[in-house]
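S.K.: Take a look at final.txt, compact mmCIF, C-alpha atoms:
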# COMPACT_ATOMS: atom_id res chain seq x y z
CA MET A 28 0.00 0.00 0.00
CA LEU A 29 2.83 2.42 0.80
CA LYS A 30 4.23 1.98 -2.71
CA GLU A 31 0.83 2.77 -4.24
CA ILE A 32 0.44 5.86 -2.04
CA LYS A 33 3.85 7.15 -3.07
CA SER A 34 2.81 6.74 -6.72
CA ILE A 35 -0.04 9.25 -6.34
CA PRO A 36 0.96 12.32 -8.40
CA LEU A 37 1.84 15.17 -6.07
CA ALA A 38 0.01 17.60 -8.37
CA GLU A 39 -3.22 15.67 -7.83
CA PHE A 40 -2.72 15.49 -4.07
CA LEU A 41 -2.14 19.24 -3.91
CA SER A 42 -5.13 19.86 -6.17
CA SER A 43 -7.37 17.83 -3.86
CA LEU A 44 -6.32 20.18 -1.06
CA GLY A 45 -7.11 23.26 -3.15
CA HIS A 46 -3.59 24.13 -4.38
CA GLU A 47 -3.04 24.68 -8.10
CA PRO A 48 0.25 25.52 -9.83
CA ALA A 49 0.96 29.17 -10.58
CA THR A 50 3.29 28.31 -13.46
CA ARG A 51 4.46 25.25 -15.36
CA LYS A 52 7.94 24.85 -16.87
CA GLY A 53 8.33 21.50 -18.56
CA THR A 54 8.05 18.82 -15.86
CA ARG A 55 8.26 21.41 -13.09
CA LEU A 56 5.22 22.95 -11.46
CA TRP A 57 5.61 26.04 -9.27
CA TYR A 58 3.17 26.76 -6.43
CA LYS A 59 2.69 29.27 -3.70
CA SER A 60 3.75 27.13 -0.77
CA PRO A 61 0.96 25.10 0.89
CA LEU A 62 3.07 25.14 4.06
CA ARG A 63 3.33 28.89 4.64
CA GLN A 64 2.16 32.28 3.38
CA GLU A 65 4.02 33.73 0.40
CA HIS A 66 3.41 35.99 -2.62
CA THR A 67 6.00 34.59 -5.05
CA PRO A 68 5.75 30.84 -5.84
CA SER A 69 8.80 29.03 -4.46
CA PHE A 70 7.37 25.55 -3.96
CA LYS A 71 8.43 23.20 -6.78
CA VAL A 72 6.96 19.86 -7.86
CA ASP A 73 8.90 17.77 -10.37
CA THR A 74 6.25 15.64 -12.10
CA SER A 75 8.79 13.27 -13.66
CA LEU A 76 10.33 12.40 -10.28
CA ASN A 77 7.11 12.99 -8.30
CA CYS A 78 8.96 14.93 -5.61
CA TRP A 79 8.66 18.42 -4.11
CA TYR A 80 10.94 21.08 -2.67
CA ASP A 81 10.05 24.21 -0.71
CA PHE A 82 12.85 26.72 -1.25
CA GLY A 83 11.58 28.95 1.56
CA LEU A 84 11.77 26.13 4.12
CA GLY A 85 14.68 24.25 2.60
CA LYS A 86 12.68 21.01 2.79
CA GLY A 87 11.48 18.50 0.24
CA GLY A 88 10.74 14.84 -0.43
CA ASN A 89 7.90 12.54 -1.49
CA ILE A 90 4.16 12.63 -0.78
CA ILE A 91 4.60 11.15 2.71
CA ASP A 92 7.11 13.87 3.59
CA LEU A 93 4.69 16.52 2.33
CA ALA A 94 1.77 15.06 4.29
CA ALA A 95 3.96 15.06 7.41
CA GLU A 96 4.47 18.82 7.00
CA ILE A 97 0.83 19.56 6.16
CA TYR A 98 -0.72 17.45 8.94
CA LYS A 99 2.05 18.10 11.50
CA SER A 100 2.54 14.42 12.32
CA THR A 101 5.11 11.63 12.05
CA ASP A 102 2.55 8.84 12.49
CA LEU A 103 2.83 6.92 9.22
CA HIS A 104 -0.54 5.17 9.58
CA TYR A 105 -2.27 8.49 10.23
CA LEU A 106 -0.50 10.16 7.29
CA LYS A 107 -1.44 7.34 4.92
CA ASN A 108 -5.10 7.69 5.91
CA CYS A 109 -4.98 11.46 5.40
CA ILE A 110 -3.58 11.01 1.90
CA ILE A 111 -6.05 8.27 0.96
CA ASN A 112 -8.96 10.39 2.20
CA SER A 113 -7.84 13.22 -0.11
CA CYS A 114 -6.78 11.19 -3.14
CA PRO A 115 -7.80 7.77 -4.45
CA VAL A 116 -4.90 5.30 -4.47
CA PRO A 117 -3.87 3.92 -7.90
CA SER A 118 -4.48 0.19 -8.22
CA VAL A 119 -4.64 -2.39 -10.99
CA GLN A 120 -6.41 -4.99 -8.86
CA THR A 121 -10.04 -4.05 -9.55
CA VAL A 122 -12.06 -2.61 -12.37
CA ALA A 123 -13.63 -0.13 -9.97
CA SER A 124 -10.31 1.36 -8.98
CA SER A 125 -9.50 2.07 -12.62
CA PHE A 126 -12.01 4.89 -12.26
CA HIS A 127 -9.53 6.51 -9.88
CA GLN A 128 -7.09 7.37 -12.61
CA ARG A 129 -6.18 11.03 -12.35
CA HIS A 130 -9.44 12.99 -12.14
CA SER A 131 -7.70 16.04 -10.72
CA ALA A 132 -8.67 19.61 -11.57
CA LEU A 133 -5.66 19.63 -13.89
CA ASN A 134 -7.32 17.33 -16.44
CA MET A 135 -11.09 17.62 -15.93
CA GLU A 136 -12.63 19.04 -19.10
CA HIS A 137 -16.14 20.23 -20.07
CA PHE A 138 -17.07 20.56 -16.39
CA GLU A 139 -20.79 21.24 -15.85
CA VAL A 140 -22.97 21.29 -12.71
CA VAL A 141 -26.69 20.46 -12.93
CA PRO A 142 -29.42 19.50 -10.42
CA LEU A 143 -28.94 16.07 -8.86
CA GLU A 144 -31.10 13.55 -10.75
CA HIS A 145 -28.86 10.70 -11.98
CA ARG A 146 -30.13 7.38 -10.61
CA ALA A 147 -26.64 6.01 -9.95
CA LEU A 148 -25.66 9.03 -7.86
CA VAL A 149 -28.91 9.07 -5.92
CA ALA A 150 -28.48 5.32 -5.33
CA TYR A 151 -24.91 5.88 -4.12
CA LEU A 152 -26.12 8.36 -1.49
CA GLN A 153 -28.99 6.06 -0.54
CA GLN A 154 -26.42 3.32 0.10
CA ARG A 155 -24.80 5.78 2.50
CA GLY A 156 -28.16 6.15 4.25
CA ILE A 157 -29.17 9.48 2.65
CA PRO A 158 -32.78 9.62 1.37
CA ALA A 159 -33.31 10.89 -2.15
CA HIS A 160 -35.24 14.00 -1.09
CA ILE A 161 -32.43 15.15 1.24
CA ALA A 162 -29.77 14.36 -1.37
CA LYS A 163 -31.56 16.31 -4.13
CA ALA A 164 -32.30 19.29 -1.88
CA ASN A 165 -28.67 19.71 -0.78
CA CYS A 166 -26.46 18.43 -3.62
CA ASN A 167 -25.93 18.82 -7.34
CA GLU A 168 -24.32 16.55 -9.88
CA ALA A 169 -21.26 17.33 -11.96
CA HIS A 170 -20.51 16.07 -15.47
CA TYR A 171 -17.01 16.23 -16.92
CA SER A 172 -14.57 14.34 -19.11
CA VAL A 173 -11.09 12.98 -18.49
CA ASN A 174 -8.97 12.04 -21.49
CA GLY A 175 -12.10 12.19 -23.63
CA LYS A 176 -14.14 9.84 -21.41
CA PRO A 177 -17.31 11.14 -19.69
CA TYR A 178 -17.79 10.88 -15.92
CA PHE A 179 -20.21 12.19 -13.32
CA ALA A 180 -20.24 12.70 -9.55
CA VAL A 181 -22.25 14.17 -6.69
CA ALA A 182 -21.24 17.83 -6.34
CA PHE A 183 -21.32 19.92 -3.15
CA GLY A 184 -20.31 23.58 -3.41
CA ASN A 185 -17.93 25.49 -1.13
CA VAL A 186 -17.54 29.21 -0.38
CA SER A 187 -14.42 29.41 -2.58
CA GLY A 188 -16.37 28.54 -5.71
CA GLY A 189 -15.06 24.97 -5.79
CA TRP A 190 -16.94 21.68 -5.78
CA GLU A 191 -16.48 18.63 -3.58
CA LEU A 192 -17.01 15.57 -5.80
CA ARG A 193 -18.07 12.08 -4.73
CA ASN A 194 -19.29 8.89 -6.29
CA LYS A 195 -18.86 5.21 -5.53
CA TYR A 196 -15.29 5.14 -6.85
CA PHE A 197 -13.99 8.68 -6.53
CA LYS A 198 -13.43 11.39 -3.93
CA GLY A 199 -11.94 14.72 -4.98
CA CYS A 200 -12.41 18.43 -5.55
CA ARG A 201 -12.81 20.68 -8.57
CA GLY A 202 -11.57 24.25 -8.19
CA ARG A 203 -10.38 25.82 -4.97
CA LYS A 204 -10.67 23.83 -1.77
CA GLY A 205 -12.70 25.59 0.91
CA ILE A 206 -15.34 25.23 3.60
CA SER A 207 -19.07 25.21 2.93
CA TYR A 208 -21.28 27.56 4.96
CA LEU A 209 -25.02 26.92 5.15
CA PRO A 210 -27.09 29.39 7.19
CA TRP A 211 -30.46 28.31 8.57
CA SER A 212 -32.81 31.13 7.62
CA ARG A 213 -36.32 29.88 8.36
CA ASP A 214 -36.75 31.59 11.74
CA GLY A 215 -34.17 34.36 11.65
CA PRO A 216 -30.52 34.24 12.74
CA SER A 217 -29.34 31.12 14.55
CA THR A 218 -27.25 31.25 17.73
CA GLU A 219 -25.95 27.73 17.15
CA CYS A 220 -23.70 26.28 14.47
CA ALA A 221 -22.95 22.66 13.63
CA VAL A 222 -19.52 21.71 12.26
CA PHE A 223 -18.89 18.66 10.10
CA GLU A 224 -15.76 17.25 8.50
CA GLY A 225 -17.44 16.30 5.23
CA PHE A 226 -20.76 16.83 3.50
CA ILE A 227 -21.82 13.17 3.78
CA ASP A 228 -21.81 13.61 7.56
CA TYR A 229 -23.83 16.81 7.15
CA LEU A 230 -26.41 14.95 5.05
CA SER A 231 -26.41 12.21 7.70
CA ALA A 232 -27.21 14.77 10.41
CA LEU A 233 -30.11 16.06 8.32
CA THR A 234 -31.37 12.51 7.90
CA LEU A 235 -31.18 11.90 11.66
CA GLY A 236 -32.85 15.24 12.43
CA LEU A 237 -29.94 16.43 14.58
CA ILE A 238 -29.41 20.01 13.43
CA ILE A 239 -32.79 21.68 12.99
CA GLY A 240 -32.28 25.41 13.50
CA ASN A 241 -28.48 25.22 13.35
CA ASN A 242 -26.34 27.05 10.84
CA VAL A 243 -23.76 24.70 9.36
CA VAL A 244 -20.05 24.71 8.52
CA VAL A 245 -18.69 21.78 6.51
CA LEU A 246 -14.88 21.80 6.62
CA ASN A 247 -14.49 19.54 3.55
CA SER A 248 -11.07 18.70 5.06
CA VAL A 249 -9.65 19.14 8.55
CA VAL A 250 -6.88 21.27 7.02
CA ASN A 251 -9.58 23.93 6.51
CA VAL A 252 -10.16 24.56 10.23
CA ASN A 253 -8.51 27.99 10.05
CA LYS A 254 -10.78 28.94 7.13
CA ALA A 255 -13.82 28.24 9.32
CA ILE A 256 -12.79 30.59 12.14
CA PRO A 257 -14.32 33.81 10.68
CA TYR A 258 -17.66 32.01 10.29
CA LEU A 259 -17.82 30.70 13.87
CA LYS A 260 -16.97 33.73 15.96
CA ASP A 261 -20.52 34.96 16.68
CA TYR A 262 -22.17 31.73 17.87
CA SER A 263 -23.03 30.92 21.47
CA VAL A 264 -22.91 27.17 20.77
CA ILE A 265 -20.72 25.32 18.26
CA ASN A 266 -21.79 21.67 17.96
CA CYS A 267 -18.94 19.60 16.51
CA TYR A 268 -19.74 16.33 14.72
CA LEU A 269 -16.16 15.47 13.77
CA ASP A 270 -14.58 12.08 13.08
CA ASN A 271 -13.43 9.82 15.91
CA ASP A 272 -9.83 9.70 14.66
CA ASN A 273 -6.62 11.67 15.15
CA ALA A 274 -7.55 14.25 12.52
CA GLY A 275 -11.00 14.84 13.98
CA ARG A 276 -9.69 15.12 17.54
CA THR A 277 -6.98 17.54 16.42
CA ALA A 278 -9.54 19.75 14.71
CA LEU A 279 -11.74 19.67 17.83
CA THR A 280 -8.75 20.67 19.98
CA GLU A 281 -7.95 23.59 17.67
CA LEU A 282 -11.53 24.89 17.79
CA THR A 283 -11.75 24.45 21.56
CA ALA A 284 -8.51 26.40 22.02
CA ILE A 285 -10.14 29.34 20.22
CA TYR A 286 -13.76 29.20 21.38
CA GLY A 287 -13.50 27.38 24.74
CA SER A 288 -16.73 26.09 26.28
CA THR A 289 -18.72 27.34 23.29
CA VAL A 290 -17.51 24.19 21.48
CA ILE A 291 -19.54 21.06 22.26
CA ASP A 292 -18.17 17.67 21.22
CA ARG A 293 -21.07 15.64 19.85
CA SER A 294 -18.99 12.62 18.75
CA SER A 295 -20.20 10.56 21.75
CA LEU A 296 -23.40 10.04 19.75
CA TYR A 297 -21.43 7.79 17.38
CA SER A 298 -18.54 6.78 19.67
CA GLU A 299 -18.51 3.21 18.33
CA PHE A 300 -17.93 4.43 14.79
CA ASN A 301 -15.42 6.55 12.90
CA ASP A 302 -17.98 9.12 11.80
CA LEU A 303 -21.64 10.07 11.85
CA ASN A 304 -22.38 8.45 8.50
CA GLU A 305 -21.15 5.05 9.71
CA HIS A 306 -23.51 5.45 12.67
CA LEU A 307 -26.41 6.25 10.34
CA VAL A 308 -25.72 3.26 8.08
CA ASN A 309 -25.54 1.01 11.15
CA GLN A 310 -28.88 2.36 12.44
CA ILE A 311 -30.56 1.70 9.08
CA SER A 312 -29.05 -1.80 8.97
CA LYS A 313 -30.49 -2.61 12.41
CA ILE A 314 -33.94 -1.36 11.42
CA THR A 315 -33.86 -3.40 8.21
CA GLN A 316 -32.74 -6.51 10.10
CA ASN A 317 -35.52 -6.13 12.68
CA ASP A 318 -38.12 -5.64 9.95
CA ASN A 319 -36.94 -8.80 8.20
CA GLU A 320 -37.06 -10.79 11.44
CA ASN A 321 -40.61 -9.61 12.15
CA LYS A 322 -41.95 -10.65 8.76
If you took the structure in this file and wrote it as structure tokens, what would it be?

M.R.:
Amino acid sequence: MLKEIKSIPLAEFLSSLGHEPATRKGTRLWYKSPLRQEHTPSFKVDTSLNCWYDFGLGKGGNIIDLAAEIYKSTDLHYLKNCIINSCPVPSVQTVASSFHQRHSALNMEHFEVVPLEHRALVAYLQQRGIPAHIAKANCNEAHYSVNGKPYFAVAFGNVSGGWELRNKYFKGCRGRKGISYLPWSRDGPSTECAVFEGFIDYLSALTLGLIIGNNVVVLNSVVNVNKAIPYLKDYSVINCYLDNDNAGRTALTELTAIYGSTVIDRSSLYSEFNDLNEHLVNQISKITQNDNENK
């Protein structure tokens, strides 16, 4: 698995995190560093060697080395999971994984967003426990081509004008990576906000009826915690439905350090599972099993 992870193109990994090259010179891509603030691009990716070097920091290496800098960790298992969650891993073992081949923003063409209607996409979300009416009310679908072949995915917009993309075989982003902010406007301003790591968990909360009256922030990646700060400052309660893993706990710690007792950890609701969606799927499975037993 480590070999496959290291074979993920760095340009695609960076794209999934919302970083696009400022210039391209042959096999060299130049970025504004994802590791620090700068105005002149001094972060180089060599696509032929699949390695990076940050001239401002004097550091470089492979995708694992980059993830270690981005996620501030030396835990290899944790870093591998972070990378896999951002980018599909290349594989030749299954037909399904062939869909994973390089759908980054660098080579998506004829990109179009329309209302969510495709049966396969609705069925995918239903398999994740999300009813069709909730899926259609909160998501779109994107159509695009890669190397001349047409593809489609569930699309969820962010405040940066980008789109989070999901289907059964693919997880990625088109355009700039950013948070999604969804104000609840039925009864005037809300004093509470709910925070989710990804939009599938947000849809799960809607399905479970957990966040009626709450405004919502979807991070779309735990690396976006800092981007959420301006949106959270005026709430008296911040309900966090983050993942039960190192990344989720780190994000919770960062938010608690800023907002103190305003932050409420709601992960105990699904403490036996990694995230809220797994909890939802388990609940539906139990109900289905009981119904079958009572027939």

S.K.: If I take atom CA of A:Tyr80 and atom CA of A:Asn247, how far is one from the other in Å, to one decimal?

M.R.: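 Separating atom CA of A:Tyr80 from atom CA of A:Asn247 is a distance of 26.2 Å.
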
S.K.: Can you work out which one of A:Asn194, A:Ser60, A:Ser207, A:Asn89 has the shortest atom-to-atom distance to A:Thr74, counting all atoms listed in the file?

M.R.: A:Asn89

S.K.: Mind checking which residues fall within 10 Å of stretch 161-173 of chain A, counting only C-alpha atoms, ignoring those fewer than 2 positions away in the same chain, and posting them as a ChimeraX atom specification?

M.R.: /A:128-145,148-150,152-153,157-159,175-184,190-194,201,226-227,229-231,233-234

S.K.: Would you compute the distance between atom CA of A:Leu41 and atom CA of A:Leu282? Give it in Å to one decimal.

M.R.: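 Value for the atom CA of A:Leu41-atom CA of A:Leu282 distance: 24.3 Å.
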
S.K.: Write out as a ChimeraX atom specification the residues lying within 12 Å of A:Pro257, counting all atoms listed in the file and excluding same-chain residues fewer than 6 positions away.

M.R.: /A:206,208,244,251,282,285-286

S.K.: One decimal, in Å: what's the spacing between atom CA of A:Asn304 and atom CA of A:Tyr151?

M.R.: 13.1 Å

S.K.: Quick one: residues within 12 Å of A:Leu44, only C-alpha atoms, excluding same-chain residues fewer than 2 positions away - as number ranges by chain?

M.R.: A: 37-42, 46-47, 61-62, 94, 97-98, 109-110, 112-114, 131-132, 189-191, 198-206, 246-251

S.K.: Please determine, counting all atoms listed in the file, which residue among A:Lys99, A:Ile265, A:Lys313, A:Leu106 has the shortest atom-to-atom distance to A:Thr277.

M.R.: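 Checking each candidate against A:Thr277, we get A:Lys99 as the closest.
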
S.K.: Please determine an axis-aligned box that encloses all atoms of stretch 236-255 of chain A listed in the file, with 5 Å added on each side, and express its centre and edge lengths in Å to one decimal as AutoDock Vina command-line options.

M.R.:
--center_x -19.9 --center_y 22.1 --center_z 9.1 --size_x 36.0 --size_y 23.7 --size_z 21.0

S.K.: When you look at A:Thr280 with a cut-off of 12 Å (counting all atoms listed in the file), what residues show up, excluding the ones that are within fewer than 5 positions of it in the same chain? I need them as a list in words.

M.R.: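 The residues satisfying every condition are Val249, Val252, Cys267, Leu269, Asn273, Ala274, Gly275, Ile285, Tyr286, Gly287, Ser288, Val290, Ile291 and Asp292 of chain A.
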
S.K.: Which neighbours of A:Asn309 fall inside 12 Å, counting only C-alpha atoms, when residues of the same chain fewer than 6 positions from it are skipped, and could you give them as an NGL selection string?

M.R.: :A and (154-156 or 231 or 297 or 299-303 or 315-316)

S.K.: So, with all atoms listed in the file as the atoms that count, which of A:Asn253, A:Ser298, A:Asn241, A:Ser100 lies closest to A:Ala278?

M.R.: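 When distances to A:Ala278 are compared using all atoms listed in the file, the smallest one comes from A:Asn253.
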
S.K.: Rank A:Asn185, A:Ser294, A:Ser75, A:Asn242 by their smallest atom-to-atom distance to A:Gly45, using only C-alpha atoms, and report the top residue only.

M.R.: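 Of the candidates, the smallest distance to A:Gly45 is held by A:Asn185.
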
S.K.: Would you please work out which residue, of A:Lys59, A:Lys33, A:His66, A:Arg51, is nearest to A:Leu93 when using all atoms listed in the file?

M.R.: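 Closest candidate: A:Lys33.
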
S.K.: Show me the residues close to (5.1, 31.2, -3.8) - anything with an atom within 9 Å, counting all atoms listed in the file - and format the list as an NGL selection string.

M.R.: :A and (49 or 57-61 or 63-70 or 83)

S.K.: Using only C-alpha atoms, which residue out of A:Val222, A:Leu209, A:Ile239, A:Leu84 lies closest to A:Asp270?

M.R.: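 Closest to A:Asp270 of all the choices is A:Val222.
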